[in-house]
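Trainee: For reference, the file work.txt (compact mmCIF, C-alpha atoms and all ligand atoms) is included below:
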# COMPACT_ATOMS: atom_id res chain seq x y z
CA MET A 1 0.00 0.00 0.00
CA SER A 2 1.35 3.44 -0.89
CA THR A 3 2.22 5.67 2.05
CA SER A 4 2.93 8.73 -0.09
CA THR A 5 1.42 12.04 0.99
CA ILE A 6 0.82 15.17 -1.03
CA ARG A 7 3.97 17.28 -0.90
CA LEU A 8 3.83 21.06 -1.15
CA THR A 9 6.52 22.88 -3.09
CA LYS A 10 9.09 25.15 -1.45
CA ARG A 11 7.38 27.94 -3.39
CA ALA A 12 4.06 27.27 -1.68
CA LEU A 13 5.62 26.78 1.73
CA GLY A 14 7.53 30.05 1.41
CA ILE A 15 4.45 32.23 0.98
CA GLN A 16 3.72 34.54 3.91
CA PRO A 17 -0.02 34.73 4.54
CA SER A 18 -1.36 38.25 4.15
CA ALA A 19 -1.37 39.91 7.59
CA THR A 20 -3.85 42.53 6.40
CA LEU A 21 -6.36 39.81 5.52
CA ALA A 22 -5.64 38.04 8.83
CA VAL A 23 -6.56 41.17 10.84
CA ASP A 24 -9.71 41.56 8.79
CA ALA A 25 -10.66 37.92 9.40
CA ARG A 26 -10.08 38.26 13.17
CA ALA A 27 -12.13 41.47 13.34
CA LYS A 28 -14.96 39.78 11.45
CA ALA A 29 -14.82 36.71 13.71
CA LEU A 30 -15.08 38.93 16.82
CA ALA A 31 -17.98 40.85 15.25
CA ALA A 32 -19.70 37.52 14.50
CA GLU A 33 -19.41 36.66 18.21
CA GLY A 34 -21.40 39.81 18.92
CA ARG A 35 -18.51 42.17 19.83
CA ASP A 36 -18.91 45.79 18.74
CA ILE A 37 -15.91 46.08 16.39
CA VAL A 38 -14.78 49.25 14.61
CA ASN A 39 -12.77 48.17 11.61
CA LEU A 40 -10.06 50.68 10.71
CA GLY A 41 -8.04 47.98 8.99
CA VAL A 42 -9.71 47.76 5.61
CA GLY A 43 -7.96 48.73 2.40
CA GLU A 44 -10.90 49.47 0.15
CA PRO A 45 -13.08 52.53 -0.44
CA ASP A 46 -16.50 52.41 1.27
CA PHE A 47 -18.18 54.03 -1.75
CA LEU A 48 -20.26 52.63 -4.59
CA PRO A 49 -18.69 52.33 -8.05
CA PRO A 50 -19.56 55.20 -10.42
CA PRO A 51 -23.04 54.69 -11.95
CA ALA A 52 -21.47 54.64 -15.45
CA ALA A 53 -19.49 51.50 -14.50
CA THR A 54 -22.53 49.71 -13.12
CA GLU A 55 -24.67 50.66 -16.13
CA ALA A 56 -22.00 49.51 -18.60
CA ALA A 57 -21.76 46.16 -16.80
CA LEU A 58 -25.55 45.66 -16.75
CA THR A 59 -25.78 46.46 -20.45
CA ALA A 60 -22.93 44.04 -21.20
CA ILE A 61 -24.69 41.26 -19.30
CA ARG A 62 -28.01 41.93 -21.05
CA GLU A 63 -26.34 42.04 -24.45
CA GLY A 64 -24.51 38.78 -23.82
CA PHE A 65 -20.95 40.10 -23.82
CA ALA A 66 -20.07 36.72 -22.43
CA LYS A 67 -17.31 35.27 -24.58
CA TYR A 68 -13.53 35.23 -24.35
CA THR A 69 -11.88 38.47 -25.37
CA VAL A 70 -8.27 38.61 -26.49
CA ALA A 71 -6.06 37.94 -23.48
CA ALA A 72 -4.89 41.57 -23.22
CA GLY A 73 -8.48 42.91 -23.14
CA PHE A 74 -10.86 44.05 -25.89
CA LEU A 75 -9.55 46.75 -28.18
CA GLU A 76 -11.97 49.56 -27.32
CA LEU A 77 -11.04 49.26 -23.64
CA ARG A 78 -7.32 49.34 -24.40
CA GLN A 79 -7.93 52.42 -26.55
CA ALA A 80 -9.76 54.09 -23.67
CA ILE A 81 -6.91 53.22 -21.28
CA ALA A 82 -4.38 54.65 -23.74
CA GLU A 83 -6.49 57.83 -23.86
CA LYS A 84 -6.61 58.00 -20.05
CA LEU A 85 -2.83 57.60 -19.82
CA LEU A 86 -2.38 60.43 -22.32
CA VAL A 87 -4.85 62.82 -20.69
CA ASP A 88 -4.07 62.11 -17.02
CA ASN A 89 -0.41 61.19 -17.17
CA GLY A 90 0.96 62.70 -20.39
CA LEU A 91 1.98 59.22 -21.57
CA GLU A 92 1.59 58.09 -25.14
CA TYR A 93 0.85 54.37 -25.57
CA LYS A 94 -0.68 52.38 -28.39
CA PRO A 95 -3.42 49.86 -27.52
CA GLU A 96 -0.97 47.00 -28.15
CA GLN A 97 1.11 48.32 -25.26
CA ILE A 98 -1.76 47.85 -22.79
CA VAL A 99 -2.61 44.61 -20.96
CA VAL A 100 -5.85 44.40 -18.97
CA SER A 101 -5.71 42.02 -16.01
CA THR A 102 -7.64 40.63 -13.07
CA GLY A 103 -6.79 43.56 -10.83
CA ALA A 104 -3.61 45.58 -10.56
CA LYS A 105 -2.36 42.63 -8.53
CA GLN A 106 -2.28 40.37 -11.57
CA ALA A 107 -0.73 43.14 -13.66
CA LEU A 108 2.07 43.36 -11.08
CA TYR A 109 2.46 39.59 -11.01
CA ASN A 110 2.73 39.48 -14.81
CA ALA A 111 5.35 42.24 -14.72
CA PHE A 112 7.53 40.46 -12.15
CA GLN A 113 7.21 37.18 -14.04
CA VAL A 114 8.44 38.67 -17.31
CA LEU A 115 11.07 41.09 -15.95
CA CYS A 116 12.59 39.38 -12.93
CA GLU A 117 15.15 36.62 -13.57
CA GLU A 118 16.11 34.00 -10.97
CA GLY A 119 18.49 35.68 -8.49
CA ASP A 120 17.80 39.26 -9.62
CA GLU A 121 17.69 41.80 -6.83
CA VAL A 122 14.65 44.06 -6.71
CA LEU A 123 14.74 47.35 -4.80
CA ILE A 124 11.58 47.86 -2.76
CA PRO A 125 11.23 51.12 -0.82
CA SER A 126 10.07 50.35 2.71
CA PRO A 127 7.43 50.56 4.17
CA TYR A 128 5.98 48.58 1.27
CA TRP A 129 2.71 46.97 0.27
CA VAL A 130 2.72 43.37 1.56
CA THR A 131 2.38 41.73 -1.84
CA TYR A 132 5.57 43.05 -3.52
CA PRO A 133 8.13 40.86 -1.71
CA GLU A 134 5.94 37.78 -2.16
CA GLN A 135 5.53 38.38 -5.89
CA VAL A 136 9.27 39.05 -6.28
CA ARG A 137 10.08 35.76 -4.51
CA LEU A 138 7.51 33.88 -6.61
CA ALA A 139 9.41 35.15 -9.67
CA GLY A 140 12.69 33.85 -8.20
CA GLY A 141 13.93 37.35 -7.34
CA ILE A 142 15.38 38.70 -4.12
CA PRO A 143 13.59 41.63 -2.47
CA VAL A 144 16.01 44.28 -1.21
CA PHE A 145 14.32 46.75 1.11
CA VAL A 146 15.27 50.41 1.11
CA GLU A 147 14.30 52.08 4.37
CA SER A 148 12.77 55.52 4.59
CA ASP A 149 12.45 57.82 7.58
CA ALA A 150 9.09 58.12 9.35
CA LYS A 151 10.04 61.61 10.61
CA ALA A 152 10.69 62.73 7.03
CA GLY A 153 7.27 61.49 5.93
CA TYR A 154 8.60 58.19 4.52
CA HIS A 155 9.94 59.80 1.35
CA ILE A 156 12.27 57.82 -0.88
CA GLU A 157 15.88 59.07 -0.90
CA VAL A 158 17.98 58.39 -3.99
CA ALA A 159 21.05 58.07 -1.75
CA ALA A 160 19.31 55.24 0.13
CA LEU A 161 18.53 53.51 -3.19
CA GLU A 162 22.16 53.95 -4.34
CA ALA A 163 23.38 52.39 -1.10
CA LYS A 164 21.51 49.15 -1.82
CA LEU A 165 22.71 48.71 -5.41
CA THR A 166 24.74 45.63 -6.31
CA PRO A 167 25.73 44.21 -9.70
CA ARG A 168 22.64 41.97 -9.43
CA THR A 169 20.12 44.83 -9.02
CA ARG A 170 17.71 44.71 -11.92
CA LEU A 171 14.42 46.27 -10.89
CA LEU A 172 12.90 49.03 -8.78
CA VAL A 173 9.35 48.99 -7.42
CA LEU A 174 7.77 52.38 -7.04
CA ASN A 175 4.45 52.88 -5.27
CA SER A 176 3.58 56.56 -5.17
CA PRO A 177 1.08 57.25 -3.61
CA CYS A 178 2.05 54.56 -1.14
CA ASN A 179 0.19 51.92 0.80
CA PRO A 180 0.72 51.84 3.83
CA THR A 181 2.20 55.31 4.43
CA GLY A 182 -0.07 57.56 2.35
CA ALA A 183 3.11 59.34 1.19
CA ILE A 184 3.32 60.69 -2.35
CA GLU A 185 6.62 61.58 -4.01
CA THR A 186 6.83 65.10 -5.46
CA PRO A 187 7.35 65.41 -9.23
CA GLU A 188 10.97 66.44 -8.49
CA SER A 189 11.53 63.33 -6.40
CA ILE A 190 9.97 61.12 -9.11
CA GLN A 191 12.33 62.74 -11.60
CA ALA A 192 15.36 62.00 -9.42
CA ILE A 193 14.24 58.39 -8.86
CA ALA A 194 13.60 57.80 -12.57
CA GLU A 195 17.01 59.31 -13.45
CA PHE A 196 18.59 56.99 -10.89
CA ALA A 197 16.93 54.01 -12.62
CA VAL A 198 18.12 55.16 -16.05
CA ARG A 199 21.66 55.77 -14.71
CA HIS A 200 21.87 52.24 -13.35
CA ASP A 201 19.99 50.48 -16.14
CA LEU A 202 17.12 49.33 -13.91
CA SER A 203 13.56 48.59 -14.95
CA ILE A 204 10.80 50.25 -12.92
CA ILE A 205 7.49 48.71 -11.94
CA SER A 206 5.35 51.71 -11.03
CA ASP A 207 2.20 50.88 -9.09
CA GLU A 208 -0.02 53.95 -9.49
CA ILE A 209 -3.24 52.48 -8.13
CA TYR A 210 -3.76 55.37 -5.65
CA GLU A 211 -3.00 58.11 -8.19
CA LYS A 212 -6.41 59.80 -7.96
CA LEU A 213 -6.56 59.85 -4.16
CA VAL A 214 -4.36 62.89 -3.53
CA TYR A 215 -5.07 65.81 -1.19
CA HIS A 216 -4.24 69.45 -0.56
CA GLY A 217 -2.78 70.06 -3.99
CA ALA A 218 -0.40 67.08 -4.04
CA VAL A 219 0.51 66.13 -7.61
CA HIS A 220 0.96 62.59 -8.87
CA LYS A 221 3.63 62.02 -11.51
CA SER A 222 4.49 58.78 -13.20
CA PRO A 223 8.20 57.97 -13.57
CA ALA A 224 7.37 57.05 -17.18
CA ALA A 225 6.60 60.75 -17.78
CA VAL A 226 10.11 61.86 -16.77
CA SER A 227 11.86 61.10 -20.09
CA PRO A 228 11.65 58.75 -23.08
CA GLU A 229 14.47 56.68 -21.51
CA ALA A 230 12.52 56.39 -18.25
CA LYS A 231 9.33 55.47 -20.12
CA ARG A 232 11.10 52.70 -22.05
CA ARG A 233 12.12 50.95 -18.85
CA THR A 234 8.87 51.45 -16.90
CA VAL A 235 5.79 49.28 -16.52
CA VAL A 236 2.91 51.49 -15.38
CA VAL A 237 0.31 49.61 -13.32
CA ASN A 238 -3.11 50.98 -12.44
CA GLY A 239 -6.72 49.85 -12.09
CA ALA A 240 -10.28 50.45 -10.98
CA SER A 241 -10.08 49.26 -7.37
CA LYS A 242 -9.24 52.49 -5.60
CA ALA A 243 -10.15 55.32 -8.02
CA TYR A 244 -13.56 53.84 -8.82
CA ALA A 245 -14.21 51.88 -5.60
CA MET A 246 -14.36 48.65 -7.62
CA THR A 247 -12.18 46.30 -5.56
CA GLY A 248 -14.47 43.29 -6.01
CA TRP A 249 -14.67 43.70 -9.79
CA ARG A 250 -11.01 42.68 -10.02
CA ILE A 251 -9.94 44.78 -12.97
CA GLY A 252 -6.63 46.54 -13.58
CA TYR A 253 -4.08 47.10 -16.30
CA ALA A 254 -0.45 47.68 -17.22
CA ALA A 255 1.22 49.77 -19.94
CA ALA A 256 4.71 49.05 -21.18
CA GLU A 257 7.05 48.89 -24.16
CA PRO A 258 5.69 46.59 -26.90
CA PRO A 259 7.92 43.54 -26.19
CA VAL A 260 7.16 43.74 -22.46
CA ALA A 261 3.41 44.16 -23.01
CA LYS A 262 3.45 41.28 -25.48
CA ALA A 263 5.28 39.04 -23.00
CA MET A 264 2.85 39.95 -20.21
CA ALA A 265 -0.18 39.26 -22.44
CA GLU A 266 1.26 35.90 -23.51
CA PHE A 267 2.09 34.99 -19.93
CA GLN A 268 -1.43 35.91 -18.80
CA GLY A 269 -2.82 34.00 -21.77
CA HIS A 270 -1.59 30.78 -20.15
CA VAL A 271 -2.59 31.69 -16.61
CA THR A 272 -6.07 33.22 -16.67
CA SER A 273 -6.66 34.38 -20.28
CA ASN A 274 -8.61 37.65 -20.44
CA ALA A 275 -9.89 39.46 -17.36
CA ASN A 276 -13.63 39.01 -16.82
CA SER A 277 -15.42 40.43 -19.88
CA ILE A 278 -18.16 42.18 -17.87
CA ALA A 279 -15.56 43.77 -15.57
CA GLN A 280 -13.74 45.00 -18.68
CA LYS A 281 -16.96 46.71 -19.82
CA ALA A 282 -17.43 48.17 -16.33
CA LEU A 283 -13.92 49.65 -16.45
CA LEU A 284 -14.67 51.15 -19.86
CA GLY A 285 -17.82 52.70 -18.38
CA ALA A 286 -15.85 54.12 -15.44
CA LEU A 287 -13.17 55.59 -17.73
CA ARG A 288 -15.77 57.16 -20.01
CA GLY A 289 -18.07 58.27 -17.17
CA ASP A 290 -18.00 61.77 -15.74
CA ALA A 291 -15.26 62.51 -13.24
CA ASP A 292 -17.64 63.99 -10.64
CA ALA A 293 -18.13 60.74 -8.73
CA VAL A 294 -14.37 60.41 -8.25
CA ALA A 295 -13.97 64.08 -7.30
CA LYS A 296 -16.73 63.77 -4.67
CA MET A 297 -15.09 60.70 -3.15
CA VAL A 298 -11.71 62.46 -3.07
CA ARG A 299 -13.20 65.47 -1.23
CA GLU A 300 -14.73 63.15 1.36
CA PHE A 301 -11.43 61.27 1.80
CA GLU A 302 -9.62 64.58 2.23
CA ALA A 303 -11.97 65.62 5.06
CA ARG A 304 -11.52 62.23 6.75
CA ARG A 305 -7.77 62.41 6.32
CA ASP A 306 -7.67 65.82 8.04
CA TYR A 307 -9.86 64.60 10.88
CA THR A 308 -7.89 61.36 11.41
CA VAL A 309 -4.49 63.05 11.36
CA ARG A 310 -5.65 65.80 13.73
CA ARG A 311 -7.09 63.29 16.20
CA LEU A 312 -4.03 61.02 16.08
CA LYS A 313 -1.64 63.94 16.57
CA ALA A 314 -3.50 64.88 19.74
CA MET A 315 -2.97 61.41 21.24
CA PRO A 316 -0.10 60.67 23.62
CA GLY A 317 2.63 58.18 22.73
CA LEU A 318 2.43 58.29 18.92
CA GLU A 319 4.45 59.92 16.17
CA VAL A 320 2.14 60.78 13.31
CA PRO A 321 3.34 61.74 9.82
CA ASP A 322 1.32 63.93 7.43
CA PRO A 323 0.14 61.68 4.61
CA GLN A 324 -1.07 63.45 1.48
CA ALA A 325 -2.59 60.59 -0.48
CA ALA A 326 -4.31 57.16 -0.50
CA PHE A 327 -6.46 56.52 2.61
CA TYR A 328 -3.98 55.48 5.25
CA VAL A 329 -2.11 56.96 8.17
CA PHE A 330 0.97 55.07 9.39
CA PRO A 331 1.98 56.27 12.88
CA THR A 332 4.98 54.91 14.76
CA LEU A 333 5.05 54.20 18.47
CA GLY A 334 6.88 56.93 20.32
CA ASP A 335 7.11 56.77 24.11
CA LEU A 336 4.29 54.25 24.19
CA VAL A 337 6.88 51.48 23.91
CA GLY A 338 7.16 49.51 27.16
CA ARG A 339 3.88 50.84 28.58
CA LYS A 340 0.62 48.97 29.14
CA VAL A 341 -2.33 49.66 26.82
CA ALA A 342 -5.65 48.00 27.69
CA GLY A 343 -3.77 45.74 30.10
CA LYS A 344 -1.10 44.61 27.60
CA VAL A 345 2.56 45.64 27.54
CA VAL A 346 3.25 47.20 24.17
CA ARG A 347 6.69 46.56 22.66
CA ASN A 348 5.75 47.05 19.01
CA GLY A 349 2.92 47.50 16.52
CA ASP A 350 1.87 43.86 16.80
CA ASP A 351 1.28 44.23 20.55
CA LEU A 352 -0.61 47.49 20.09
CA THR A 353 -2.81 45.92 17.40
CA VAL A 354 -3.76 43.03 19.69
CA ALA A 355 -4.31 45.39 22.64
CA LEU A 356 -6.58 47.66 20.59
CA LEU A 357 -8.59 44.83 19.09
CA ASP A 358 -9.02 42.76 22.24
CA GLY A 359 -9.21 45.68 24.66
CA THR A 360 -11.19 48.29 22.73
CA GLY A 361 -12.68 46.49 19.73
CA VAL A 362 -10.80 48.60 17.17
CA ALA A 363 -9.06 46.82 14.29
CA VAL A 364 -5.89 48.35 12.82
CA VAL A 365 -3.08 46.60 10.89
CA PRO A 366 0.35 45.96 12.45
CA GLY A 367 3.26 47.66 10.68
CA ALA A 368 5.52 44.57 10.65
CA CYS A 369 3.86 43.17 7.52
CA PHE A 370 4.75 46.42 5.72
CA GLY A 371 8.34 46.29 6.96
CA ARG A 372 7.93 48.58 10.02
CA PRO A 373 7.40 46.64 13.27
CA ASP A 374 7.26 49.90 15.27
CA ALA A 375 4.25 51.20 13.32
CA PHE A 376 0.61 50.43 12.62
CA ARG A 377 -1.74 51.36 9.80
CA ILE A 378 -5.08 53.06 10.18
CA SER A 379 -7.39 53.20 7.17
CA TYR A 380 -9.86 56.07 6.90
CA ALA A 381 -11.84 54.29 4.19
CA THR A 382 -14.83 54.24 6.52
CA SER A 383 -17.55 56.69 7.56
CA MET A 384 -16.81 59.76 9.71
CA ALA A 385 -19.06 58.28 12.42
CA ASN A 386 -17.04 55.06 12.46
CA LEU A 387 -13.77 56.97 12.45
CA ALA A 388 -14.90 59.12 15.38
CA LYS A 389 -15.97 56.04 17.34
CA GLY A 390 -12.72 54.17 16.63
CA LEU A 391 -10.47 57.14 17.32
CA ASP A 392 -12.33 57.92 20.58
CA ARG A 393 -11.64 54.39 21.75
CA ILE A 394 -7.97 54.50 20.73
CA GLU A 395 -7.51 57.86 22.44
CA GLN A 396 -9.12 56.61 25.63
CA ALA A 397 -6.86 53.54 25.67
CA LEU A 398 -3.70 55.58 24.99
CA ARG A 399 -4.56 58.19 27.63
CA ALA A 400 -5.03 55.41 30.17
CA ALA A 401 -1.68 53.76 29.23
CA LYS A 402 0.48 53.04 32.29
C1 LIG B 1 -0.41 49.42 -3.46
C2 LIG B 1 -1.45 48.50 -3.99
N1 LIG B 1 -1.29 47.99 -5.21
C3 LIG B 1 -2.19 47.15 -5.74
C4 LIG B 1 -3.30 46.78 -5.03
C5 LIG B 1 -4.26 45.78 -5.64
O1 LIG B 1 -5.11 46.35 -6.51
P1 LIG B 1 -6.21 45.45 -7.27
O2 LIG B 1 -7.39 45.39 -6.37
O3 LIG B 1 -6.46 46.21 -8.51
O4 LIG B 1 -5.61 44.13 -7.51
C6 LIG B 1 -3.52 47.28 -3.75
C7 LIG B 1 -4.70 46.85 -2.96
O5 LIG B 1 -4.78 47.01 -1.78
C8 LIG B 1 -2.57 48.17 -3.22
O6 LIG B 1 -2.73 48.69 -1.99
Go ahead and express the file in the form of C-alpha cells.
Ligand SMILES: Cc1ncc(COP(=O)(O)O)c(C=O)c1O
Mentor:
Amino acid sequence: MSTSTIRLTKRALGIQPSATLAVDARAKALAAEGRDIVNLGVGEPDFLPPPAATEAALTAIREGFAKYTVAAGFLELRQAIAEKLLVDNGLEYKPEQIVVSTGAKQALYNAFQVLCEEGDEVLIPSPYWVTYPEQVRLAGGIPVFVESDAKAGYHIEVAALEAKLTPRTRLLVLNSPCNPTGAIETPESIQAIAEFAVRHDLSIISDEIYEKLVYHGAVHKSPAAVSPEAKRRTVVVNGASKAYAMTGWRIGYAAAEPPVAKAMAEFQGHVTSNANSIAQKALLGALRGDADAVAKMVREFEARRDYTVRRLKAMPGLEVPDPQAAFYVFPTLGDLVGRKVAGKVVRNGDDLTVALLDGTGVAVVPGACFGRPDAFRISYATSMANLAKGLDRIEQALRAAK
C-alpha cells in the first residue's frame, strides 16, 4: 500500500499569509461573536462604483458580452486606457502596449514574471505593500528593502537607493502614492528616482493604483513621464479598485514597451486568459463616465484624512506623519513602547494591534507586515461616524496607558 502524501513545493511553503487579511478575518470573527468592532483595517473605499461602471456592466450582461476576449483585453477598452494615460499622465501608448488584467495585482504579477530573472535583486522602498516581496520571490527574485524615515514622511531618498545597489540589481518597485504610508513623491523626487533608474539600467514597476486619491494640492507624476528613456524601462500599473471603488470587480491594467506588453499578455494568456469580460466593460464605463463621482469621493477622503491626522496627533505616545494621499495613516510608536495599553505591555505595533482589538474592539493593521514593526496602519476608508468612534476608543486607551 502506498504511504505517499501530497507534498507542497518550497514555493508554496515560502508564501507569507497576508497579515492585512488576517486582521480583517479576526475582526470579522469577533464581530460575529457579537462584539462591537470598529474596523479601521480595511484597504478598500467604502463608496459605490460610479453609476457609469454599473450601467455599462448591466448592459454588457443583457447584451450577452459573455465570450472570451483577447487575453490583453478588448480593443476599445485598451484604446480608452491609452487615452486615459495620455490625458491624465501625459503618456503616449498604443493599444498593443496595454494589458488588462484581473486587478492591478495580476498586472504586477505578470510584470515580475516577465522582468525578474532568478536571483535578480529588486529594490523595494520600505514601508511597502505586503504583496511586492511575495511576488518578487515567486518570480525567483530577491527583495532588497530600502528604508525611509518616518520623521521625514517616509519619502524615498535616492542616496538610500544607491546604497543598496549591487551588480545583481535589476528592478525598482515604485508605489507613489504609497500603501501603507499615504506618502506621495513630489514630481521632483519622481524625476530623481527615474534618473537613478536610467543611470543604473534598472527597470521600474510603477504601481499607481492610488494616483487619484491625492489631497491638498499634491501632484501625482508617473516615472514614465520623466523622459523617453525612463518610459522605455517602466511598466505602469493601475486599475479600478481604488479610483472607482471597484475592488471586487477585479480589474486593472499595465502599460509598457511593446515587447514587455506582449510578454505579459502571452504569460497571462496561459494563466487566466482575459480578465472578466463584464468587468472590462465596467472599467470602460468608469473611464468614459463623468469625473464627478471620483472628485466627490476624493473630497470626502480629504476631510476624513484631516480629521484622522488631527485626532491622532492629539494622542499621547504616537508619532504621526502627514500623509497626502491614499487613505492610510501610518503612525509609529513613540514613548508608548514599554507601557501597558488595555492591560497589555506594548513593545511594538503587533502588541498594540492586539491590545486595541481585544481591549477596545478597534481593528488596525500591524506595521511589521509592511516592513515597520514599530508602526501600525489606520485606514480612513470608513464613515466619519465610524472613524470618530474608533479614534475615541484608541484615544481613551492611549490616555489610560500606564
Ligand atoms: C499598493 C497597492 N497595489 C495594488 C493593489 C491591488 O489592486 P487590485 O485590487 O487592482 O488588484 C492594492 C490593494 O490594496 C494596493 O494597496
Trainee: For Pro223 of chain A, which of A:Phe74, A:Phe196, A:Tyr328, A:Phe301 is the closest residue, counting only C-alpha atoms?
Mentor: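 Residue with the minimum atom-to-atom distance to Pro223 of chain A: A:Phe196.
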Trainee: Compile the contact shell of Ala381 of chain A as a list in words: residues with an atom at most 9 Å away, counting all atoms listed in the file, same-chain residues fewer than 2 positions apart removed.
Mentor: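 Answer for this query is Leu40, Gly41, Val42, Gly43, Glu44, Pro45, Asp46, Phe47, Phe301, Arg304, Phe327, Tyr328, Ser379, Ser383 and Leu387 of chain A.
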Trainee: What does the structure give for the distance between atom CA of Thr382 of chain A and atom C6 of ligand LIG 1 (chain B), in Å to one decimal?
Mentor: 16.8 Å
Trainee: Point out the residue among A:Ser176, A:Ser222, A:Gln324, A:Ser241 with the least atom-to-atom distance to ligand LIG 1 (chain B), counting all atoms listed in the file.
Mentor: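 The answer is A:Ser241, which sits nearest to ligand LIG 1 (chain B).
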Trainee: Which residues are near ligand LIG 1 (chain B) in this structure, taking near to mean any atom at most 9 Å from a ligand atom and counting all atoms listed in the file? Format them as an NGL selection string.
Mentor: :A and (42-44 or 101-108 or 128-132 or 175-180 or 207-210 or 237-242 or 246-253 or 326)
Trainee: When you look at Asp358 of chain A with a cut-off of 12 Å (counting only C-alpha atoms), what residues show up, excluding the ones that are within fewer than 4 positions of it in the same chain? I need them as a ChimeraX atom specification.
Mentor: /A:23,26-27,29-31,35-38,341-344,351-354,362-364,393-394,397
Trainee: Let me see the file: selected residues, C-alpha atoms, as a compact mmCIF listing (two decimals), in the frame of the given file.
Mentor:
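Ended up saving to selection.txt:
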# COMPACT_ATOMS: atom_id res chain seq x y z
CA VAL A 23 -6.56 41.17 10.84
CA ARG A 26 -10.08 38.26 13.17
CA ALA A 27 -12.13 41.47 13.34
CA ALA A 29 -14.82 36.71 13.71
CA LEU A 30 -15.08 38.93 16.82
CA ALA A 31 -17.98 40.85 15.25
CA ARG A 35 -18.51 42.17 19.83
CA ASP A 36 -18.91 45.79 18.74
CA ILE A 37 -15.91 46.08 16.39
CA VAL A 38 -14.78 49.25 14.61
CA VAL A 341 -2.33 49.66 26.82
CA ALA A 342 -5.65 48.00 27.69
CA GLY A 343 -3.77 45.74 30.10
CA LYS A 344 -1.10 44.61 27.60
CA ASP A 351 1.28 44.23 20.55
CA LEU A 352 -0.61 47.49 20.09
CA THR A 353 -2.81 45.92 17.40
CA VAL A 354 -3.76 43.03 19.69
CA VAL A 362 -10.80 48.60 17.17
CA ALA A 363 -9.06 46.82 14.29
CA VAL A 364 -5.89 48.35 12.82
CA ARG A 393 -11.64 54.39 21.75
CA ILE A 394 -7.97 54.50 20.73
CA ALA A 397 -6.86 53.54 25.67
Trainee: Which neighbours of Lys402 of chain A fall inside 12 Å, counting all atoms listed in the file, when residues of the same chain fewer than 3 positions from it are skipped, and could you give them as number ranges by chain?
Mentor: A: 316-317, 335-346, 397-399
Trainee: Would you compute the distance between atom CA of Tyr244 of chain A and atom CA of Arg288 of chain A? Give it in Å to one decimal.
Mentor: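 One can read the atom CA of Tyr244 of chain A to atom CA of Arg288 of chain A distance as 11.9 Å.
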Trainee: How would you write as a ChimeraX atom specification the residues that get within 12 Å of (10.3, 59.3, 6.6) in the file's frame, counting all atoms listed in the file?
Mentor: /A:125-127,146-157,160,181-185,319-323,330-332,372
Trainee: Residues as selected, C-alpha atoms, written as an mmCIF file, in the coordinates of the input, can you do that?
Mentor:
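After the write, out_28.cif holds the following:
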data_model
loop_
_atom_site.group_PDB
_atom_site.id
_atom_site.type_symbol
_atom_site.label_atom_id
_atom_site.label_comp_id
_atom_site.auth_asym_id
_atom_site.auth_seq_id
_atom_site.Cartn_x
_atom_site.Cartn_y
_atom_site.Cartn_z
ATOM 1 C CA PRO A 125 11.230 51.120 -0.820
ATOM 2 C CA SER A 126 10.070 50.350 2.710
ATOM 3 C CA PRO A 127 7.430 50.560 4.170
ATOM 4 C CA VAL A 146 15.270 50.410 1.110
ATOM 5 C CA GLU A 147 14.300 52.080 4.370
ATOM 6 C CA SER A 148 12.770 55.520 4.590
ATOM 7 C CA ASP A 149 12.450 57.820 7.580
ATOM 8 C CA ALA A 150 9.090 58.120 9.350
ATOM 9 C CA LYS A 151 10.040 61.610 10.610
ATOM 10 C CA ALA A 152 10.690 62.730 7.030
ATOM 11 C CA GLY A 153 7.270 61.490 5.930
ATOM 12 C CA TYR A 154 8.600 58.190 4.520
ATOM 13 C CA HIS A 155 9.940 59.800 1.350
ATOM 14 C CA ILE A 156 12.270 57.820 -0.880
ATOM 15 C CA GLU A 157 15.880 59.070 -0.900
ATOM 16 C CA ALA A 160 19.310 55.240 0.130
ATOM 17 C CA THR A 181 2.200 55.310 4.430
ATOM 18 C CA GLY A 182 -0.070 57.560 2.350
ATOM 19 C CA ALA A 183 3.110 59.340 1.190
ATOM 20 C CA ILE A 184 3.320 60.690 -2.350
ATOM 21 C CA GLU A 185 6.620 61.580 -4.010
ATOM 22 C CA GLU A 319 4.450 59.920 16.170
ATOM 23 C CA VAL A 320 2.140 60.780 13.310
ATOM 24 C CA PRO A 321 3.340 61.740 9.820
ATOM 25 C CA ASP A 322 1.320 63.930 7.430
ATOM 26 C CA PRO A 323 0.140 61.680 4.610
ATOM 27 C CA PHE A 330 0.970 55.070 9.390
ATOM 28 C CA PRO A 331 1.980 56.270 12.880
ATOM 29 C CA THR A 332 4.980 54.910 14.760
ATOM 30 C CA ARG A 372 7.930 48.580 10.020
#
Trainee: Give me, please, the distance in Å between atom CA of Ala139 of chain A and atom CA of Met264 of chain A, quoted to one decimal.
Mentor: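 Between atom CA of Ala139 of chain A and atom CA of Met264 of chain A the gap is 13.3 Å.
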Trainee: For Gln280 of chain A, which of A:Glu76, A:Glu63, A:Glu33, A:Glu118 is the closest residue, counting only C-alpha atoms?
Mentor: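 Using only C-alpha atoms, Gln280 of chain A sits closest to A:Glu76.
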Trainee: Any idea what's packed within 7 Å of Ser203 of chain A, counting all atoms listed in the file, ignoring anything in its chain fewer than 5 positions away? Could you give it as a ChimeraX atom specification?
Mentor: /A:170-172,197,233-234
Trainee: Just the selected residues (C-alpha atoms), exported as a tab-separated table (two decimals), in the coordinates of the input, please.
Mentor:
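File produced: again.tsv:
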chain	number	residue	atom	x	y	z
A	170	ARG	CA	17.71	44.71	-11.92
A	171	LEU	CA	14.42	46.27	-10.89
A	172	LEU	CA	12.90	49.03	-8.78
A	197	ALA	CA	16.93	54.01	-12.62
A	233	ARG	CA	12.12	50.95	-18.85
A	234	THR	CA	8.87	51.45	-16.90
Trainee: Restricting the calculation to only C-alpha atoms: of A:Ala194, A:Ala60, A:Val114, A:Leu91, which residue gets closest to Lys281 of chain A?
Mentor: A:Ala60
Trainee: Restricting the calculation to all atoms listed in the file: of A:Glu195, A:Ala255, A:Asn89, A:Phe267, which residue gets closest to Tyr109 of chain A?
Mentor: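 Using all atoms listed in the file, Tyr109 of chain A sits closest to A:Phe267.
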